[in-house]
Structures are given as structure tokens and as C-alpha cells.
file entry-v9.txt (compact mmCIF, C-alpha atoms)
# COMPACT_ATOMS: atom_id res chain seq x y z
CA MET A 1 23.31 29.49 3.10
CA PHE A 2 20.75 30.69 0.56
CA ILE A 3 22.61 28.90 -2.27
CA ARG A 4 22.69 25.66 -0.26
CA LYS A 5 18.96 25.97 0.39
CA PHE A 6 18.20 26.78 -3.25
CA PHE A 7 20.09 23.72 -4.53
CA ASN A 8 19.07 21.57 -1.52
CA ARG A 9 22.69 20.81 -0.56
CA ARG A 10 22.63 19.91 3.11
CA ASN A 11 25.66 19.86 5.39
CA LYS A 12 26.44 16.88 7.63
CA GLU A 13 24.42 18.17 10.57
CA GLN A 14 21.34 18.81 8.44
CA GLU A 15 21.75 15.43 6.74
CA LYS A 16 21.84 13.80 10.16
CA VAL A 17 18.59 15.57 11.16
CA VAL A 18 16.86 14.38 7.97
CA SER A 19 18.06 10.78 8.39
CA CYS A 20 16.92 10.70 12.04
CA GLN A 21 13.50 11.98 11.03
CA LEU A 22 13.25 9.37 8.26
CA THR A 23 14.16 6.64 10.75
CA GLU A 24 11.44 7.89 13.10
CA ILE A 25 8.84 7.89 10.31
CA TYR A 26 9.74 4.35 9.21
CA GLU A 27 9.66 3.12 12.82
CA PHE A 28 6.17 4.59 13.27
CA THR A 29 5.12 2.95 10.01
CA ARG A 30 6.46 -0.44 11.16
CA GLN A 31 4.42 -0.16 14.35
CA LYS A 32 1.34 0.64 12.27
CA ILE A 33 2.02 -2.39 10.04
CA ASP A 34 2.32 -4.64 13.11
CA LYS A 35 -1.11 -3.48 14.31
CA LEU A 36 -2.62 -4.02 10.84
CA LEU A 37 -1.09 -7.51 10.57
CA ALA A 38 -2.46 -8.50 13.98
CA LYS A 39 -5.92 -7.28 12.98
CA ASP A 40 -5.67 -9.08 9.62
CA GLU A 41 -4.61 -12.32 11.34
CA GLU A 42 -7.71 -12.17 13.56
CA THR A 43 -9.88 -11.57 10.49
CA SER A 44 -8.25 -14.51 8.74
CA LYS A 45 -8.94 -16.80 11.70
CA ASP A 46 -12.57 -15.67 11.81
CA ILE A 47 -13.16 -16.20 8.10
CA ASN A 48 -11.19 -19.44 7.66
CA GLY A 49 -11.98 -21.06 11.02
CA LYS A 50 -15.78 -20.96 11.05
CA CYS A 51 -18.29 -22.09 8.46
CA PRO A 52 -20.43 -19.16 7.27
CA ASN A 53 -23.31 -21.56 6.54
CA CYS A 54 -23.71 -23.54 9.77
CA GLY A 55 -21.23 -21.82 12.14
CA CYS A 56 -19.31 -24.97 13.11
CA GLU A 57 -15.54 -24.96 13.53
CA ASN A 58 -14.91 -28.38 11.96
CA VAL A 59 -13.20 -26.89 8.90
CA VAL A 60 -10.35 -28.18 6.69
CA HIS A 61 -8.42 -26.55 3.85
CA LYS A 62 -8.63 -28.29 0.47
CA PHE A 63 -7.52 -27.86 -3.11
CA ALA A 64 -10.95 -28.13 -4.65
CA ASN A 65 -11.96 -25.00 -6.54
CA VAL A 66 -11.03 -25.87 -10.12
CA SER A 67 -11.75 -23.30 -12.78
CA GLY A 68 -10.57 -23.05 -16.32
CA ASN A 69 -10.93 -21.36 -19.62
CA GLY A 70 -9.79 -21.98 -23.14
CA TYR A 71 -10.44 -21.48 -26.79
CA VAL A 72 -10.23 -23.37 -30.07
CA SER A 73 -9.89 -21.71 -33.44
CA GLY A 74 -8.98 -22.81 -36.90
CA GLU A 75 -9.52 -22.64 -40.60
CA MET A 76 -10.44 -25.38 -43.02
CA PHE A 77 -10.73 -25.23 -46.77
CA ILE A 78 -11.27 -28.29 -48.98
CA GLY A 79 -9.70 -30.73 -46.56
CA THR A 80 -6.66 -28.63 -45.67
CA GLY A 81 -6.15 -26.07 -42.92
CA TYR A 82 -5.17 -25.79 -39.31
CA VAL A 83 -6.70 -25.97 -35.87
CA SER A 84 -5.16 -24.31 -32.82
CA GLY A 85 -6.25 -23.79 -29.26
CA SER A 86 -5.24 -23.48 -25.66
CA SER A 87 -6.69 -24.12 -22.25
CA GLU A 88 -5.83 -23.16 -18.71
CA VAL A 89 -6.94 -24.86 -15.52
CA ILE A 90 -6.48 -23.12 -12.16
CA THR A 91 -6.78 -24.99 -8.87
CA LYS A 92 -7.39 -22.78 -5.84
CA LYS A 93 -7.45 -23.43 -2.12
CA VAL A 94 -10.85 -23.50 -0.46
CA ASN A 95 -12.19 -24.11 3.03
CA HIS A 96 -14.44 -27.15 3.45
CA CYS A 97 -16.89 -27.69 6.30
CA ASN A 98 -16.98 -31.34 7.37
CA ASP A 99 -20.47 -31.03 8.90
CA CYS A 100 -22.54 -29.42 6.13
CA GLY A 101 -20.19 -29.79 3.11
CA ASN A 102 -20.10 -26.04 2.38
CA GLN A 103 -17.05 -24.69 0.54
CA TRP A 104 -15.82 -21.11 0.41
CA LYS A 105 -12.67 -19.37 -0.74
CA LEU A 106 -9.69 -19.32 1.56
CA TYR A 107 -8.86 -15.84 2.89
CA ASN A 108 -5.12 -15.34 2.52
CA GLY A 109 -4.92 -11.93 4.12
CA GLN A 110 -3.61 -8.63 2.88
CA THR A 111 -0.08 -7.46 2.24
CA PHE A 112 1.16 -4.28 3.86
CA SER A 113 4.15 -2.22 2.81
CA SER A 114 5.69 0.75 4.58
CA HIS A 115 6.03 2.51 1.25
CA LYS A 116 2.32 2.06 0.50
CA ILE A 117 1.32 3.41 3.91
CA ILE A 118 3.64 6.40 3.59
CA ALA A 119 2.39 7.02 0.05
CA ASP A 120 -1.17 7.04 1.38
CA ASP A 121 -0.16 9.55 4.08
CA LEU A 122 1.51 11.72 1.44
CA PHE A 123 -1.69 11.61 -0.61
CA GLN A 124 -3.66 12.79 2.45
CA ILE A 125 -1.15 15.62 2.96
CA THR A 126 -1.55 16.58 -0.70
CA SER A 127 -5.34 16.62 -0.35
CA TYR A 128 -5.08 18.72 2.80
CA ILE A 129 -2.74 21.24 1.15
CA LYS A 130 -5.10 21.57 -1.81
CA ASP A 131 -8.22 22.02 0.35
CA PRO A 132 -7.61 22.46 4.12
CA ASN A 133 -11.32 22.68 5.01
CA ARG A 134 -12.41 19.41 3.43
CA TRP A 135 -11.58 16.49 5.75
CA SER A 136 -10.63 16.45 9.42
CA PHE A 137 -8.66 13.16 9.36
CA GLN A 138 -6.36 14.66 6.71
CA GLN A 139 -5.61 17.44 9.16
CA GLY A 140 -4.56 14.84 11.73
CA ILE A 141 -2.11 13.27 9.30
CA TYR A 142 -0.89 16.74 8.31
CA LEU A 143 -0.31 17.64 11.97
CA ARG A 144 1.51 14.35 12.61
CA TYR A 145 3.95 15.16 9.81
CA SER A 146 4.23 18.85 10.77
CA LYS A 147 7.03 18.11 13.23
CA TYR A 148 9.24 16.93 10.36
CA SER A 149 11.17 19.14 7.99
CA ALA A 150 10.18 19.86 4.40
CA GLU A 151 13.33 18.12 3.15
CA THR A 152 12.41 14.95 5.04
CA ILE A 153 8.94 14.86 3.50
CA TYR A 154 10.43 15.59 0.08
CA GLU A 155 12.80 12.64 0.57
CA LEU A 156 9.76 10.47 1.35
CA VAL A 157 8.06 11.71 -1.83
CA LYS A 158 11.10 10.66 -3.86
CA ARG A 159 11.38 7.27 -2.13
CA CYS A 160 7.65 6.45 -2.46
CA GLU A 161 7.21 7.82 -5.98
CA HIS A 162 6.51 4.35 -7.39
CA TRP A 163 3.63 3.75 -4.94
CA SER A 164 2.18 7.29 -5.05
CA PHE A 165 -0.38 8.94 -7.25
CA HIS A 166 0.96 11.29 -9.89
CA THR A 167 -0.70 14.23 -8.14
CA VAL A 168 1.45 13.63 -5.05
CA THR A 169 4.74 13.93 -6.89
CA LYS A 170 3.40 16.85 -8.90
CA THR A 171 2.01 18.76 -5.90
CA LEU A 172 4.53 18.04 -3.14
CA THR A 173 7.53 19.82 -4.59
CA LEU A 174 10.22 21.13 -2.29
CA ARG A 175 9.09 24.72 -2.87
CA ILE A 176 5.50 23.96 -1.81
CA LEU A 177 6.63 21.83 1.14
CA ARG A 178 8.79 24.68 2.43
CA LYS A 179 5.71 26.90 2.49
CA HIS A 180 3.83 24.47 4.75
CA PHE A 181 6.64 22.84 6.77
CA LYS A 182 9.79 24.21 8.35
CA SER A 183 13.09 23.66 6.59
CA VAL A 184 16.33 22.25 8.04
CA PHE A 185 18.04 25.29 6.55
CA ASP A 186 16.07 27.60 8.87
CA GLY A 187 18.06 26.47 11.90
CA ARG A 188 15.41 23.97 13.06
CA LYS A 189 16.69 20.85 14.82
call {"tool": "encode", "arguments": {"input": "entry-v9.txt", "output": "C-alpha cells"}}
result
Amino acid sequence: MFIRKFFNRRNKEQEKVVSCQLTEIYEFTRQKIDKLLAKDEETSKDINGKCPNCGCENVVHKFANVSGNGYVSGEMFIGTGYVSGSSEVITKKVNHCNDCGNQWKLYNGQTFSSHKIIADDLFQITSYIKDPNRWSFQQGIYLRYSKYSAETIYELVKRCEHWSFHTVTKTLTLRILRKHFKSVFDGRK
């Protein structure tokens, strides 16, 4: 058993425990994303549906904000040479108030990813492991993940490596996680 634990080779029962815990974490994250999307949709309606200048709700969406940039460069010498340049014009959506004529940028909302949310939680766990007395909300996240095994959290670290800070992948190694969380190899179900 010690060799299996050292090389992190789980049997079928332990693999099943880890996969069930991962499913539970992703389900919790999906519920959190649903709440964030509902809140973001309300924010979007508030920002896009009411004029910040006069407060009326007679608002339409337009393609009106045109911005651009460009440059021209060249070289001339006794009637010969070259001229080159480029320009770029970007047309953006804006909100337009029909009563007062005010225009403001359209709020498109935020994007939420389960990997980004889990990576943020892993960063909070890393911060709590480094300094347990610093923040109380990090302790709450730490306690929420304390019911999961160290191998499950390590699997999350590997899956969310692209979205995580380098300190997370450097700090949350399997050896350190086994010091703070129980292992599936310890007979925990």
C-alpha cells in the first residue's frame, strides 16, 4: 500500500472515490456559475436598459462608436522612394437614449468558467496554507474543500494548471496536500 501511495497509483475503488468527489466539486461550481450569471444578467439589464444621464428607459442599441488608428511612413530621396501606411477602423455597439441623445458603451457581461472559479479557490487554499492567520474567507474555502481527499485536490490542480497562478502549482504538490487533507490511501471513503 505504501508503494501505491508513493507513486499515486490508485485502485478502482479509490479511483471511484476521486471521480465522485470531482463530480461533486464541478456540480457545486456549476451552481455557483448559474448564480453569477443571473446576477450578471440583472446588472446588464440595469446598465443597458436605463439612461445614466436622464434615467429614461427609451433606449436602443446602435452601431455608432467608431474609433480608429493608423500610421503613414515613408522615405523620399531626389524624387524616388516609397510611402507605406495602414489604418484600422473599429465600430462598436453603443446604447442610445432617444430622449436626451446620450450614448454609452454597451455592457456585454462577463464570462465565467468552472476552471477559473476552481483555480481561484485553489489560489485561496494556497494562500491559507502559506499563512493560516491572514484572511477568514480563505479559511471558509479551505474548510469547504477539507471534506475532499488530497488526490482529488491534486487532480484539480493538474486540470486547472492553465488558469492558475504559478504559485498554486508550485505550492500545492501532492506531498503538501497530504499534510493538510486526508488521503484516499488512508482508508477514507
call {"tool": "residues_around", "arguments": {"input": "entry-v9.txt", "residues": "Ser113 (chain A)", "least_positions_apart": "5", "cutoff": "10 Å", "atoms": "only C-alpha atoms", "output": "VMD selection string"}}
result
chain A and resid 29 to 30 33 118 to 119 163
call {"tool": "closest_residue", "arguments": {"input": "entry-v9.txt", "among": "A:His180, A:Arg10, A:Lys50, A:Lys92", "to": "Tyr128 (chain A)", "atoms": "all atoms listed in the file"}}
result
A:His180
call {"tool": "atom_distance", "arguments": {"input": "entry-v9.txt", "atom1": "CA of Lys130 (chain A)", "atom2": "CA of Leu22 (chain A)"}}
result
24.2 Å
call {"tool": "closest_residue", "arguments": {"input": "entry-v9.txt", "among": "A:Ile129, A:Leu122, A:Cys56, A:Val184", "to": "Val168 (chain A)", "atoms": "all atoms listed in the file"}}
result
A:Leu122
call {"tool": "residues_around", "arguments": {"input": "entry-v9.txt", "residues": "region 136-152 of chain A", "least_positions_apart": "2", "cutoff": "6 Å", "atoms": "all atoms listed in the file", "output": "short mmCIF file (atom, residue, chain, number, x, y, z; two decimals) with C-alpha atoms, keeping the file's coordinate frame"}}
result
data_model
loop_
_atom_site.label_atom_id
_atom_site.label_comp_id
_atom_site.auth_asym_id
_atom_site.auth_seq_id
_atom_site.Cartn_x
_atom_site.Cartn_y
_atom_site.Cartn_z
CA VAL A 18 16.86 14.38 7.97
CA GLN A 124 -3.66 12.79 2.45
CA ILE A 125 -1.15 15.62 2.96
CA TYR A 128 -5.08 18.72 2.80
CA TYR A 154 10.43 15.59 0.08
CA GLU A 155 12.80 12.64 0.57
CA LEU A 177 6.63 21.83 1.14
CA ARG A 178 8.79 24.68 2.43
CA PHE A 181 6.64 22.84 6.77
CA LYS A 182 9.79 24.21 8.35
CA SER A 183 13.09 23.66 6.59
#
call {"tool": "residues_around", "arguments": {"input": "entry-v9.txt", "residues": "Glu57 (chain A)", "least_positions_apart": "5", "cutoff": "10 Å", "atoms": "only C-alpha atoms", "output": "VMD selection string"}}
result
chain A and resid 46 48 to 52 97 to 99
call {"tool": "atom_distance", "arguments": {"input": "entry-v9.txt", "atom1": "CA of Lys93 (chain A)", "atom2": "CA of Gly68 (chain A)"}}
result
14.5 Å
call {"tool": "closest_residue", "arguments": {"input": "entry-v9.txt", "among": "A:Gln21, A:Gln31, A:Asn8, A:Thr171", "to": "Ser114 (chain A)", "atoms": "all atoms listed in the file"}}
result
A:Gln31
call {"tool": "atom_distance", "arguments": {"input": "entry-v9.txt", "atom1": "CA of Glu161 (chain A)", "atom2": "CA of Leu174 (chain A)"}}
result
14.1 Å
call {"tool": "closest_residue", "arguments": {"input": "entry-v9.txt", "among": "A:Phe123, A:Leu106, A:Val59, A:Pro132", "to": "Thr169 (chain A)", "atoms": "all atoms listed in the file"}}
result
A:Phe123
call {"tool": "decode", "arguments": {"input": "entry-v9.txt", "residues": "region 60-146 of chain A", "atoms": "C-alpha atoms", "output": "PDB file, in the first residue's frame"}}
result
ATOM      1  CA  VAL A  60     -31.943  51.462 -28.344  1.00  0.00           C
ATOM      2  CA  HIS A  61     -28.738  49.647 -29.284  1.00  0.00           C
ATOM      3  CA  LYS A  62     -26.756  51.144 -32.172  1.00  0.00           C
ATOM      4  CA  PHE A  63     -23.516  50.664 -34.047  1.00  0.00           C
ATOM      5  CA  ALA A  64     -22.217  54.171 -33.554  1.00  0.00           C
ATOM      6  CA  ASN A  65     -18.948  54.279 -31.650  1.00  0.00           C
ATOM      7  CA  VAL A  66     -16.376  54.446 -34.451  1.00  0.00           C
ATOM      8  CA  SER A  67     -12.746  54.652 -33.458  1.00  0.00           C
ATOM      9  CA  GLY A  68      -9.640  54.167 -35.481  1.00  0.00           C
ATOM     10  CA  ASN A  69      -5.931  54.497 -35.634  1.00  0.00           C
ATOM     11  CA  GLY A  70      -3.293  54.375 -38.294  1.00  0.00           C
ATOM     12  CA  TYR A  71       0.109  55.474 -39.416  1.00  0.00           C
ATOM     13  CA  VAL A  72       1.911  56.626 -42.541  1.00  0.00           C
ATOM     14  CA  SER A  73       5.643  56.343 -43.050  1.00  0.00           C
ATOM     15  CA  GLY A  74       7.993  56.597 -45.952  1.00  0.00           C
ATOM     16  CA  GLU A  75      11.254  57.730 -47.383  1.00  0.00           C
ATOM     17  CA  MET A  76      11.927  60.061 -50.273  1.00  0.00           C
ATOM     18  CA  PHE A  77      15.209  60.988 -51.853  1.00  0.00           C
ATOM     19  CA  ILE A  78      15.518  63.059 -55.049  1.00  0.00           C
ATOM     20  CA  GLY A  79      12.128  62.084 -56.402  1.00  0.00           C
ATOM     21  CA  THR A  80      12.359  58.363 -55.644  1.00  0.00           C
ATOM     22  CA  GLY A  81      11.328  56.413 -52.560  1.00  0.00           C
ATOM     23  CA  TYR A  82       8.368  54.728 -51.000  1.00  0.00           C
ATOM     24  CA  VAL A  83       5.383  55.518 -48.827  1.00  0.00           C
ATOM     25  CA  SER A  84       3.603  52.914 -46.723  1.00  0.00           C
ATOM     26  CA  GLY A  85       0.871  53.021 -44.138  1.00  0.00           C
ATOM     27  CA  SER A  86      -2.075  51.291 -42.579  1.00  0.00           C
ATOM     28  CA  SER A  87      -5.266  52.197 -40.811  1.00  0.00           C
ATOM     29  CA  GLU A  88      -7.814  50.371 -38.718  1.00  0.00           C
ATOM     30  CA  VAL A  89     -11.380  51.396 -38.009  1.00  0.00           C
ATOM     31  CA  ILE A  90     -13.364  49.680 -35.235  1.00  0.00           C
ATOM     32  CA  THR A  91     -17.126  50.018 -34.949  1.00  0.00           C
ATOM     33  CA  LYS A  92     -18.544  49.165 -31.530  1.00  0.00           C
ATOM     34  CA  LYS A  93     -22.050  48.746 -30.195  1.00  0.00           C
ATOM     35  CA  VAL A  94     -23.389  51.530 -28.013  1.00  0.00           C
ATOM     36  CA  ASN A  95     -26.639  52.309 -26.224  1.00  0.00           C
ATOM     37  CA  HIS A  96     -28.503  55.400 -27.407  1.00  0.00           C
ATOM     38  CA  CYS A  97     -31.130  57.287 -25.414  1.00  0.00           C
ATOM     39  CA  ASN A  98     -33.940  58.527 -27.654  1.00  0.00           C
ATOM     40  CA  ASP A  99     -34.962  61.282 -25.210  1.00  0.00           C
ATOM     41  CA  CYS A 100     -31.694  63.088 -24.445  1.00  0.00           C
ATOM     42  CA  GLY A 101     -29.391  61.673 -27.180  1.00  0.00           C
ATOM     43  CA  ASN A 102     -26.820  60.331 -24.696  1.00  0.00           C
ATOM     44  CA  GLN A 103     -24.649  57.410 -25.843  1.00  0.00           C
ATOM     45  CA  TRP A 104     -22.718  54.975 -23.669  1.00  0.00           C
ATOM     46  CA  LYS A 105     -20.932  51.692 -24.217  1.00  0.00           C
ATOM     47  CA  LEU A 106     -22.980  48.523 -24.318  1.00  0.00           C
ATOM     48  CA  TYR A 107     -22.329  46.216 -21.351  1.00  0.00           C
ATOM     49  CA  ASN A 108     -21.879  42.707 -22.720  1.00  0.00           C
ATOM     50  CA  GLY A 109     -21.473  40.939 -19.413  1.00  0.00           C
ATOM     51  CA  GLN A 110     -18.749  38.749 -18.035  1.00  0.00           C
ATOM     52  CA  THR A 111     -17.705  35.233 -18.928  1.00  0.00           C
ATOM     53  CA  PHE A 112     -17.477  32.607 -16.232  1.00  0.00           C
ATOM     54  CA  SER A 113     -15.606  29.324 -16.411  1.00  0.00           C
ATOM     55  CA  SER A 114     -15.633  26.472 -13.925  1.00  0.00           C
ATOM     56  CA  HIS A 115     -11.879  26.147 -14.335  1.00  0.00           C
ATOM     57  CA  LYS A 116     -11.351  29.822 -13.485  1.00  0.00           C
ATOM     58  CA  ILE A 117     -13.520  29.570 -10.376  1.00  0.00           C
ATOM     59  CA  ILE A 118     -11.771  26.398  -9.206  1.00  0.00           C
ATOM     60  CA  ALA A 119      -8.385  27.985  -9.929  1.00  0.00           C
ATOM     61  CA  ASP A 120      -9.388  30.948  -7.766  1.00  0.00           C
ATOM     62  CA  ASP A 121     -10.417  28.574  -4.959  1.00  0.00           C
ATOM     63  CA  LEU A 122      -7.096  26.754  -5.277  1.00  0.00           C
ATOM     64  CA  PHE A 123      -5.289  30.093  -5.007  1.00  0.00           C
ATOM     65  CA  GLN A 124      -7.218  30.847  -1.797  1.00  0.00           C
ATOM     66  CA  ILE A 125      -6.270  27.407  -0.430  1.00  0.00           C
ATOM     67  CA  THR A 126      -2.632  28.115  -1.303  1.00  0.00           C
ATOM     68  CA  SER A 127      -2.782  31.470   0.488  1.00  0.00           C
ATOM     69  CA  TYR A 128      -4.380  29.844   3.526  1.00  0.00           C
ATOM     70  CA  ILE A 129      -1.740  27.089   3.672  1.00  0.00           C
ATOM     71  CA  LYS A 130       1.039  29.677   3.478  1.00  0.00           C
ATOM     72  CA  ASP A 131      -0.460  31.921   6.182  1.00  0.00           C
ATOM     73  CA  PRO A 132      -3.468  30.482   8.094  1.00  0.00           C
ATOM     74  CA  ASN A 133      -3.992  33.585  10.254  1.00  0.00           C
ATOM     75  CA  ARG A 134      -4.309  36.110   7.435  1.00  0.00           C
ATOM     76  CA  TRP A 135      -7.840  36.006   5.975  1.00  0.00           C
ATOM     77  CA  SER A 136     -11.024  34.447   7.324  1.00  0.00           C
ATOM     78  CA  PHE A 137     -12.751  33.906   3.942  1.00  0.00           C
ATOM     79  CA  GLN A 138      -9.786  31.773   2.841  1.00  0.00           C
ATOM     80  CA  GLN A 139     -10.454  29.579   5.852  1.00  0.00           C
ATOM     81  CA  GLY A 140     -14.035  29.107   4.655  1.00  0.00           C
ATOM     82  CA  ILE A 141     -12.862  27.938   1.242  1.00  0.00           C
ATOM     83  CA  TYR A 142     -10.253  25.719   2.915  1.00  0.00           C
ATOM     84  CA  LEU A 143     -12.931  24.159   5.135  1.00  0.00           C
ATOM     85  CA  ARG A 144     -15.251  23.613   2.154  1.00  0.00           C
ATOM     86  CA  TYR A 145     -12.530  21.635   0.395  1.00  0.00           C
ATOM     87  CA  SER A 146     -11.432  19.818   3.569  1.00  0.00           C
TER      88      SER A 146
END
